[in-house]
$ cat query.txt   # compact mmCIF, C-alpha atoms
# COMPACT_ATOMS: atom_id res chain seq x y z
CA MET N 965 72.71 248.30 81.75
CA ASN N 966 74.67 249.11 78.64
CA ILE N 967 73.63 247.95 75.17
CA SER N 968 75.47 244.61 75.18
CA GLN N 969 74.15 243.81 78.68
CA ILE N 970 70.56 244.48 77.59
CA ILE N 971 70.99 242.23 74.54
CA SER N 972 72.46 239.34 76.54
CA TYR N 973 69.98 239.84 79.40
CA TRP N 974 67.23 238.74 77.00
CA GLY N 975 69.27 235.75 75.86
CA TYR N 976 70.45 237.04 72.49
CA PRO N 977 74.00 236.80 71.16
CA TYR N 978 75.83 240.06 70.54
CA GLU N 979 79.04 241.38 69.05
CA GLU N 980 80.51 244.88 69.48
CA TYR N 981 82.77 246.65 67.01
CA ASP N 982 84.54 249.97 66.66
CA VAL N 983 84.14 251.67 63.30
CA VAL N 984 86.63 254.41 62.48
CA THR N 985 85.36 257.17 60.19
CA GLU N 986 87.47 258.91 57.58
CA ASP N 987 87.72 261.97 59.86
CA GLY N 988 88.86 259.94 62.87
CA TYR N 989 85.72 259.40 64.98
CA VAL N 990 85.36 255.98 66.60
CA LEU N 991 81.78 254.73 66.51
CA GLY N 992 80.59 251.88 68.74
CA ILE N 993 78.30 249.57 66.78
CA TYR N 994 76.47 246.42 67.85
CA ARG N 995 75.39 243.24 66.14
CA ILE N 996 72.78 240.64 67.01
CA PRO N 997 73.86 237.93 64.56
CA HIS N 998 70.85 235.65 65.11
CA GLY N 999 67.77 235.17 67.26
CA ARG N 1000 67.35 233.23 70.50
CA GLY N 1001 67.59 229.53 70.04
CA CYS N 1002 68.59 229.89 66.38
CA PRO N 1003 71.67 227.89 65.56
CA ARG N 1004 74.42 229.86 63.86
CA GLY N 1005 73.34 229.08 60.33
CA THR N 1006 75.84 228.63 57.55
CA ALA N 1007 73.74 230.44 54.95
CA PRO N 1008 74.36 234.19 54.99
CA LYS N 1009 71.40 236.07 56.40
CA SER N 1010 70.00 239.31 55.07
CA ILE N 1011 71.25 242.33 57.02
CA ALA N 1012 69.05 244.85 58.78
CA TYR N 1013 70.82 248.03 59.89
CA LEU N 1014 69.02 250.27 62.41
CA GLN N 1015 69.91 253.95 62.88
CA HIS N 1016 68.58 255.93 65.86
CA GLY N 1017 67.29 259.51 66.04
CA LEU N 1018 68.45 262.78 67.60
CA ILE N 1019 70.07 262.65 71.09
CA ALA N 1020 69.34 258.94 71.12
CA SER N 1021 71.34 255.74 70.69
CA ALA N 1022 71.15 252.15 69.53
CA SER N 1023 69.43 251.28 72.81
CA ASN N 1024 66.17 252.68 71.31
CA TRP N 1025 65.77 249.51 69.27
CA ILE N 1026 66.06 247.15 72.26
CA CYS N 1027 64.37 249.13 75.04
CA ASN N 1028 61.06 247.20 75.06
CA LEU N 1029 60.42 243.50 75.68
CA PRO N 1030 61.82 241.28 72.93
CA ASN N 1031 58.41 240.77 71.31
CA ASN N 1032 58.07 244.55 71.08
CA SER N 1033 61.60 245.67 70.13
CA LEU N 1034 62.40 245.83 66.44
CA ALA N 1035 66.02 244.61 66.80
CA PHE N 1036 64.95 241.44 68.64
CA LEU N 1037 61.98 240.77 66.35
CA LEU N 1038 64.21 240.99 63.27
CA ALA N 1039 66.82 238.67 64.83
CA ASP N 1040 64.09 236.15 65.69
CA VAL N 1041 62.74 236.03 62.14
CA GLY N 1042 66.23 235.38 60.78
CA TYR N 1043 67.95 238.69 60.09
CA ASP N 1044 71.52 239.65 60.91
CA VAL N 1045 70.82 242.83 62.89
CA TRP N 1046 73.26 245.72 63.25
CA LEU N 1047 72.72 248.79 65.45
CA GLY N 1048 74.50 252.05 64.65
CA ASN N 1049 75.50 254.94 66.92
CA SER N 1050 76.06 258.49 65.67
CA ARG N 1051 79.21 260.38 66.64
CA GLY N 1052 79.08 262.11 70.00
CA ASN N 1053 76.52 259.86 71.65
CA THR N 1054 77.29 257.74 74.71
CA TRP N 1055 78.70 254.85 72.66
CA SER N 1056 80.57 256.94 70.10
CA ARG N 1057 82.59 259.39 72.14
CA LYS N 1058 86.10 258.53 71.02
CA HIS N 1059 88.37 259.94 68.34
CA LEU N 1060 91.80 258.92 67.05
CA LYS N 1061 93.29 262.34 67.87
CA LEU N 1062 90.73 264.61 69.55
CA SER N 1063 89.51 264.53 73.13
CA PRO N 1064 85.77 264.89 73.83
CA LYS N 1065 86.86 267.69 76.16
CA SER N 1066 88.01 269.74 73.17
CA PRO N 1067 85.63 271.96 71.17
CA GLU N 1068 87.07 270.50 67.93
CA PHE N 1069 85.62 267.09 68.82
CA TRP N 1070 82.12 268.61 68.90
CA ALA N 1071 82.43 270.55 65.63
CA PHE N 1072 80.00 268.33 63.73
CA SER N 1073 76.36 268.06 62.76
CA LEU N 1074 74.12 266.09 60.42
CA ASP N 1075 76.48 266.82 57.54
CA GLU N 1076 79.31 264.76 59.02
CA MET N 1077 77.00 261.95 60.17
CA ALA N 1078 75.78 261.60 56.59
CA LYS N 1079 79.15 262.15 54.93
CA TYR N 1080 81.36 260.04 57.24
CA ASP N 1081 79.42 258.00 59.83
CA LEU N 1082 76.97 256.20 57.56
CA PRO N 1083 79.42 255.25 54.79
CA ALA N 1084 82.01 254.05 57.34
CA THR N 1085 79.44 251.95 59.23
CA ILE N 1086 77.69 250.51 56.19
CA ASN N 1087 80.97 249.68 54.43
CA PHE N 1088 82.25 248.03 57.61
CA ILE N 1089 79.14 245.81 57.79
CA ILE N 1090 79.34 244.94 54.08
CA GLU N 1091 83.00 243.96 54.47
CA LYS N 1092 82.43 242.01 57.66
CA THR N 1093 79.51 239.99 56.29
CA GLY N 1094 80.58 239.67 52.66
CA GLN N 1095 77.10 240.76 51.59
CA GLU N 1096 76.44 243.24 48.82
CA GLN N 1097 73.45 245.07 50.28
CA LEU N 1098 71.42 245.67 53.42
CA TYR N 1099 68.07 247.00 54.65
CA TYR N 1100 68.30 250.42 56.30
CA VAL N 1101 65.84 251.39 59.04
CA GLY N 1102 66.06 254.93 60.37
CA HIS N 1103 64.06 256.82 62.98
CA SER N 1104 63.84 260.64 62.96
CA GLN N 1105 67.41 262.00 62.51
CA GLY N 1106 68.33 258.47 61.38
CA THR N 1107 66.10 259.14 58.36
CA THR N 1108 67.52 262.63 57.82
CA ILE N 1109 71.10 261.40 57.52
CA GLY N 1110 69.84 258.56 55.30
CA PHE N 1111 68.14 261.02 52.93
CA ILE N 1112 71.28 263.19 52.81
CA ALA N 1113 73.71 260.28 52.37
CA PHE N 1114 71.70 258.33 49.79
CA SER N 1115 70.97 261.41 47.68
CA THR N 1116 74.59 262.66 47.65
CA ASN N 1117 76.49 259.36 47.60
CA PRO N 1118 75.14 257.12 44.79
CA GLU N 1119 77.69 254.41 45.55
CA LEU N 1120 76.38 254.12 49.10
CA ALA N 1121 72.78 254.23 47.86
CA GLU N 1122 73.52 251.14 45.74
CA ARG N 1123 74.14 249.23 48.97
CA ILE N 1124 70.58 249.81 50.25
CA LYS N 1125 67.84 247.32 49.34
CA ILE N 1126 65.04 249.29 51.01
CA PHE N 1127 65.13 252.46 53.10
CA PHE N 1128 62.56 252.19 55.92
CA ALA N 1129 61.91 255.69 57.26
CA LEU N 1130 60.09 255.90 60.60
CA ALA N 1131 58.96 259.45 61.50
CA PRO N 1132 61.01 260.95 58.64
CA VAL N 1133 62.43 264.42 59.17
CA VAL N 1134 63.67 266.18 56.06
CA THR N 1135 62.30 269.64 56.65
CA ALA N 1136 61.33 270.91 60.07
CA LYS N 1137 59.24 273.84 58.92
CA TYR N 1138 56.13 272.88 60.89
CA THR N 1139 57.77 271.17 63.85
CA LYS N 1140 56.38 272.12 67.26
CA SER N 1141 59.13 270.33 69.14
CA PRO N 1142 61.58 271.77 71.69
CA MET N 1143 63.86 272.48 68.73
CA LYS N 1144 61.65 275.49 68.06
CA ILE N 1145 62.95 276.99 71.29
CA LEU N 1146 66.54 276.63 70.10
CA THR N 1147 65.89 278.88 67.12
CA THR N 1148 65.51 281.87 69.41
CA LEU N 1149 68.81 281.31 71.19
CA SER N 1150 71.90 283.19 70.16
CA ARG N 1151 75.05 281.27 69.29
CA GLN N 1152 76.79 282.68 72.38
CA VAL N 1153 74.13 281.45 74.80
CA VAL N 1154 73.87 278.10 73.06
CA LYS N 1155 77.62 277.46 73.24
CA SER N 1156 77.98 278.22 76.94
CA ARG N 1157 75.35 276.02 78.62
CA LEU N 1158 74.04 273.52 76.16
CA ASP N 1159 77.32 271.62 75.95
CA VAL N 1160 76.95 270.54 79.54
CA TYR N 1161 73.30 269.68 79.08
CA LEU N 1162 73.63 267.75 75.86
CA ALA N 1163 76.57 265.67 77.01
CA GLN N 1164 74.35 264.21 79.75
CA ASN N 1165 70.95 264.35 78.10
CA PRO N 1166 69.68 260.98 76.86
CA ALA N 1167 72.70 259.96 74.81
CA GLY N 1168 74.15 263.28 73.74
CA THR N 1169 75.00 265.12 70.55
CA SER N 1170 76.87 268.32 69.68
CA VAL N 1171 75.63 271.84 70.12
CA GLN N 1172 76.50 272.38 66.46
CA ASN N 1173 74.08 269.62 65.58
CA MET N 1174 71.32 271.31 67.60
CA LEU N 1175 72.14 274.60 65.86
CA HIS N 1176 71.88 272.78 62.54
CA TRP N 1177 68.41 271.59 63.53
CA ALA N 1178 67.51 275.11 64.63
CA GLN N 1179 68.58 276.35 61.19
CA ALA N 1180 66.40 273.69 59.58
CA VAL N 1181 63.42 274.89 61.61
CA ASN N 1182 64.13 278.51 60.69
CA THR N 1183 64.62 278.00 56.96
CA GLY N 1184 62.19 275.14 56.40
CA ARG N 1185 64.81 273.61 54.10
CA LEU N 1186 67.22 270.68 54.19
CA GLN N 1187 70.65 272.15 53.69
CA ALA N 1188 74.17 271.87 55.00
CA PHE N 1189 75.18 273.60 58.24
CA ASP N 1190 75.44 277.38 57.93
CA TRP N 1191 78.75 278.36 59.51
CA GLY N 1192 77.41 281.85 60.10
CA ASN N 1193 79.45 283.87 57.62
CA PRO N 1194 80.21 283.64 53.88
CA ASP N 1195 83.97 283.16 54.41
CA GLN N 1196 83.51 280.16 56.68
CA ASN N 1197 80.91 278.70 54.30
CA MET N 1198 83.31 279.27 51.42
CA MET N 1199 85.98 277.34 53.30
CA HIS N 1200 83.68 274.39 53.94
CA PHE N 1201 81.56 274.29 50.78
CA HIS N 1202 83.38 276.43 48.17
CA GLN N 1203 80.29 278.61 48.05
CA ARG N 1204 79.00 281.49 50.17
CA THR N 1205 75.79 279.80 51.31
CA PRO N 1206 75.33 276.22 52.56
CA PRO N 1207 74.35 273.84 49.73
CA LEU N 1208 70.82 272.45 49.65
CA TYR N 1209 70.34 268.69 49.77
CA ASN N 1210 68.14 267.43 46.97
CA VAL N 1211 66.15 264.42 48.14
CA THR N 1212 64.62 263.90 44.68
CA LYS N 1213 68.02 262.56 43.56
CA MET N 1214 67.64 259.50 45.80
CA LYS N 1215 66.64 256.36 43.90
CA VAL N 1216 66.51 253.91 46.83
CA PRO N 1217 63.13 252.13 47.29
CA THR N 1218 61.61 253.87 50.32
CA ALA N 1219 58.89 252.91 52.79
CA ILE N 1220 57.57 255.54 55.21
CA TRP N 1221 55.60 255.45 58.46
CA SER N 1222 54.46 258.75 59.93
CA GLY N 1223 52.42 259.78 62.96
CA GLY N 1224 49.36 262.01 63.19
CA HIS N 1225 50.48 263.37 66.57
CA ASP N 1226 54.16 263.71 65.78
CA ILE N 1227 55.34 267.18 66.80
CA VAL N 1228 58.86 266.65 65.40
CA ALA N 1229 58.11 264.98 62.06
CA ASP N 1230 55.00 267.11 61.58
CA PRO N 1231 52.36 265.63 59.23
CA LYS N 1232 52.60 268.76 57.01
CA ASP N 1233 56.35 268.33 56.61
CA VAL N 1234 55.87 264.64 55.78
CA GLU N 1235 53.16 265.55 53.25
CA ASN N 1236 55.63 267.88 51.52
CA LEU N 1237 58.28 265.18 51.50
CA LEU N 1238 56.25 262.34 49.93
CA PRO N 1239 56.07 263.70 46.34
CA LYS N 1240 59.85 264.29 46.41
CA ILE N 1241 60.64 260.61 46.92
CA ALA N 1242 61.41 259.11 43.53
CA ASN N 1243 60.86 255.49 44.56
CA LEU N 1244 58.19 255.49 47.28
CA ILE N 1245 56.99 251.90 47.69
CA TYR N 1246 54.86 252.29 50.83
CA HIS N 1247 53.42 254.93 53.14
CA LYS N 1248 51.31 254.56 56.25
CA MET N 1249 50.14 257.38 58.47
CA ILE N 1250 49.28 256.21 62.00
CA PRO N 1251 46.85 258.81 63.37
CA HIS N 1252 47.49 258.26 67.10
CA TYR N 1253 51.31 258.06 66.88
CA ASN N 1254 53.73 260.59 68.37
CA HIS N 1255 57.45 260.82 67.71
CA VAL N 1256 58.65 258.09 70.08
CA ASP N 1257 55.84 255.61 69.48
CA PHE N 1258 57.78 254.29 66.49
CA TYR N 1259 60.11 252.43 68.84
CA LEU N 1260 58.33 252.69 72.21
CA GLY N 1261 54.72 252.07 71.17
CA GLN N 1262 53.23 248.88 72.59
CA ASP N 1263 51.36 248.39 69.30
CA ALA N 1264 54.39 249.10 67.08
CA PRO N 1265 54.67 245.43 66.02
CA GLN N 1266 51.09 245.54 64.65
CA GLU N 1267 51.25 249.09 63.32
CA ILE N 1268 54.73 248.97 61.76
CA TYR N 1269 57.02 246.00 62.25
CA GLN N 1270 54.79 243.33 60.67
CA ASP N 1271 54.56 245.27 57.40
CA LEU N 1272 58.21 246.24 57.53
CA ILE N 1273 59.23 242.58 57.83
CA ARG N 1274 56.74 241.62 55.10
CA LEU N 1275 58.33 244.17 52.73
CA MET N 1276 61.77 242.74 53.51
CA GLU N 1277 60.57 239.19 52.85
CA GLU N 1278 58.93 240.16 49.54
CA CYS N 1279 62.09 241.95 48.47
CA SER N 1280 64.32 238.98 49.24
CA GLN N 1281 62.04 236.66 47.24
CA ASN N 1282 62.35 238.78 44.11

$ encode --input "query.txt" --output "structure tokens"
Amino acid sequence: MNISQIISYWGYPYEEYDVVTEDGYVLGIYRIPHGRGCPRGTAPKSIAYLQHGLIASASNWICNLPNNSLAFLLADVGYDVWLGNSRGNTWSRKHLKLSPKSPEFWAFSLDEMAKYDLPATINFIIEKTGQEQLYYVGHSQGTTIGFIAFSTNPELAERIKIFFALAPVVTAKYTKSPMKILTTLSRQVVKSRLDVYLAQNPAGTSVQNMLHWAQAVNTGRLQAFDWGNPDQNMMHFHQRTPPLYNVTKMKVPTAIWSGGHDIVADPKDVENLLPKIANLIYHKMIPHYNHVDFYLGQDAPQEIYQDLIRLMEECSQN
């Protein structure tokens, strides 16, 4: 079943939209405007926007039973829920000019998701709903692009009431995930086979994005994609080396959940991140959690979602 079929299978209303980014990518986004059995209220509801992780898609947020899936839980307690999809995944594989069969289509990584995808999607939602702000929930790479976008684009950051970061990945210095393996591959090898693999694998991303992650693992820093030579970097960034992203510049109130058994968002990396967050309002480390428990865990409602919803409610009362 595709995303809209899953949503309606459980008896929820859904809407689908295409968001066009400034650089021409067409992103498929989904909305669950209200919960089951809720009348379409006249009062505008607060917006919750959910952003998936690496090689994943919006389906992450609706893949469990309704009482266990964050998107459905939020709709049922009265939120207007929107689900994003990053460029290149199953639901965002269109472009105004480029074909997904062309290498140009796949010339993107985290940088473009943060610079183009998030602003386009968030501005679209703001325009569509007439609301000023929304709650942002990210998992894994969904947190990474949030940290990049909200620290480099203050105007966008103003739109975010609270940034909920599940399994945040800002540096990948200590990661033990399969991304480690990628760091040993040469560009030539990576380009030839991985394209085929990644297009099919869960929901797909670009090889360039995987290389960007490999660079993050190698350097232990959060910085823009290294194009591999000073001239190319100069062309893209007007400097010879890729610029670093400075998370400390982000002023958005941030709540973090991390896992003790997370091999991607390693506890040591998370520990290094916490003091850099200027406006940390909440942190919980769940000792038994691994990287996918944040949306697949049967106890996620008790471990995460209850507190997340409570923080939203408290914020809207202020």

$ closest_atom_pairs --input "query.txt" --of "stretch 1029-1119 of chain N" --to "stretch 972-987 of chain N" --cutoff "12 Å" --atoms "all atoms listed in the file" --output "Markdown table"
| residue | atom | partner | partner_atom | distance |
| --- | --- | --- | --- | --- |
| N:Leu1029 | CA | N:Trp974 | CA | 8.4 |
| N:Pro1030 | CA | N:Trp974 | CA | 7.2 |
| N:Asn1031 | CA | N:Trp974 | CA | 10.7 |
| N:Ser1033 | CA | N:Trp974 | CA | 11.3 |
| N:Ala1035 | CA | N:Tyr976 | CA | 10.5 |
| N:Phe1036 | CA | N:Tyr976 | CA | 8.0 |
| N:Leu1037 | CA | N:Tyr976 | CA | 11.1 |
| N:Leu1038 | CA | N:Tyr976 | CA | 11.8 |
| N:Ala1039 | CA | N:Tyr976 | CA | 8.6 |
| N:Asp1040 | CA | N:Tyr976 | CA | 9.4 |
| N:Asp1044 | CA | N:Tyr978 | CA | 10.6 |
| N:Val1045 | CA | N:Tyr978 | CA | 9.6 |
| N:Trp1046 | CA | N:Glu979 | CA | 9.3 |
| N:Leu1047 | CA | N:Glu980 | CA | 9.6 |
| N:Gly1048 | CA | N:Val983 | CA | 9.7 |
| N:Asn1049 | CA | N:Val983 | CA | 9.9 |
| N:Ser1050 | CA | N:Val983 | CA | 10.8 |
| N:Arg1051 | CA | N:Thr985 | CA | 9.5 |
| N:Trp1055 | CA | N:Asp982 | CA | 9.7 |
| N:Ser1056 | CA | N:Asp982 | CA | 8.7 |
| N:Arg1057 | CA | N:Asp982 | CA | 11.1 |
| N:Lys1058 | CA | N:Val984 | CA | 9.5 |
| N:His1059 | CA | N:Val984 | CA | 8.2 |
| N:Leu1060 | CA | N:Val984 | CA | 8.2 |
| N:Lys1061 | CA | N:Asp987 | CA | 9.8 |
| N:Leu1062 | CA | N:Asp987 | CA | 10.5 |
| N:Glu1068 | CA | N:Asp987 | CA | 11.8 |
| N:Phe1069 | CA | N:Asp987 | CA | 10.5 |
| N:Ala1071 | CA | N:Asp987 | CA | 11.6 |
| N:Phe1072 | CA | N:Asp987 | CA | 10.7 |
| N:Glu1076 | CA | N:Asp987 | CA | 8.9 |
| N:Met1077 | CA | N:Thr985 | CA | 9.6 |
| N:Ala1078 | CA | N:Thr985 | CA | 11.2 |
| N:Lys1079 | CA | N:Glu986 | CA | 9.3 |
| N:Tyr1080 | CA | N:Thr985 | CA | 5.7 |
| N:Asp1081 | CA | N:Thr985 | CA | 6.0 |
| N:Leu1082 | CA | N:Thr985 | CA | 8.8 |
| N:Pro1083 | CA | N:Thr985 | CA | 8.3 |
| N:Ala1084 | CA | N:Thr985 | CA | 5.4 |
| N:Thr1085 | CA | N:Val983 | CA | 6.2 |
| N:Ile1086 | CA | N:Val983 | CA | 9.7 |
| N:Asn1087 | CA | N:Val983 | CA | 9.6 |
| N:Phe1088 | CA | N:Val983 | CA | 7.0 |
| N:Ile1089 | CA | N:Val983 | CA | 9.5 |
| N:Glu1091 | CA | N:Val983 | CA | 11.8 |
| N:Lys1092 | CA | N:Tyr981 | CA | 10.4 |

$ closest_residue --input "query.txt" --among "N:Ser1010, N:Thr1054, N:Gln1105, N:Asn1182" --to "N:Thr1093" --atoms "all atoms listed in the file"
N:Ser1010

$ atom_distance --input "query.txt" --atom1 "atom CA of N:Leu1120" --atom2 "atom CA of N:Val1216"
10.1 Å

$ atom_distance --input "query.txt" --atom1 "atom CA of N:Gly1110" --atom2 "atom CA of N:Met1174"
17.8 Å

$ residues_around --input "query.txt" --residues "N:Ala1131" --least-positions-apart "6" --cutoff "10 Å" --atoms "all atoms listed in the file" --output "list of chain:residue names"
N:Gly1017, N:Gly1102, N:His1103, N:Ser1104, N:Gln1105, N:Gly1106, N:Thr1107, N:Thr1108, N:Ile1220, N:Trp1221, N:Ser1222, N:Gly1223, N:Asp1226, N:Val1228, N:Ala1229, N:Asp1230, N:Pro1231, N:Val1234, N:Met1249, N:Tyr1253, N:Asn1254, N:His1255, N:Val1256, N:Asp1257, N:Phe1258

$ atom_distance --input "query.txt" --atom1 "atom CA of N:Tyr1259" --atom2 "atom CA of N:Leu1034"
7.4 Å

$ residues_around --input "query.txt" --residues "N:Gly1224" --least-positions-apart "6" --cutoff "6 Å" --atoms "all atoms listed in the file" --output "PyMOL selection string"
chain N and resi 1250-1253

$ closest_residue --input "query.txt" --among "N:His1247, N:Arg1185, N:Lys1125, N:Lys1155" --to "N:Glu1278" --atoms "only C-alpha atoms"
N:Lys1125

$ closest_residue --input "query.txt" --among "N:Lys1248, N:Arg1274, N:His1200, N:His1176" --to "N:Ala1136" --atoms "only C-alpha atoms"
N:His1176

$ closest_residue --input "query.txt" --among "N:Val1041, N:Leu1208, N:Ala1020, N:Ala1242" --to "N:Thr1183" --atoms "all atoms listed in the file"
N:Leu1208

$ residues_around --input "query.txt" --residues "N:Asp1190" --least-positions-apart "6" --cutoff "8 Å" --atoms "all atoms listed in the file" --output "count of residues only"
5
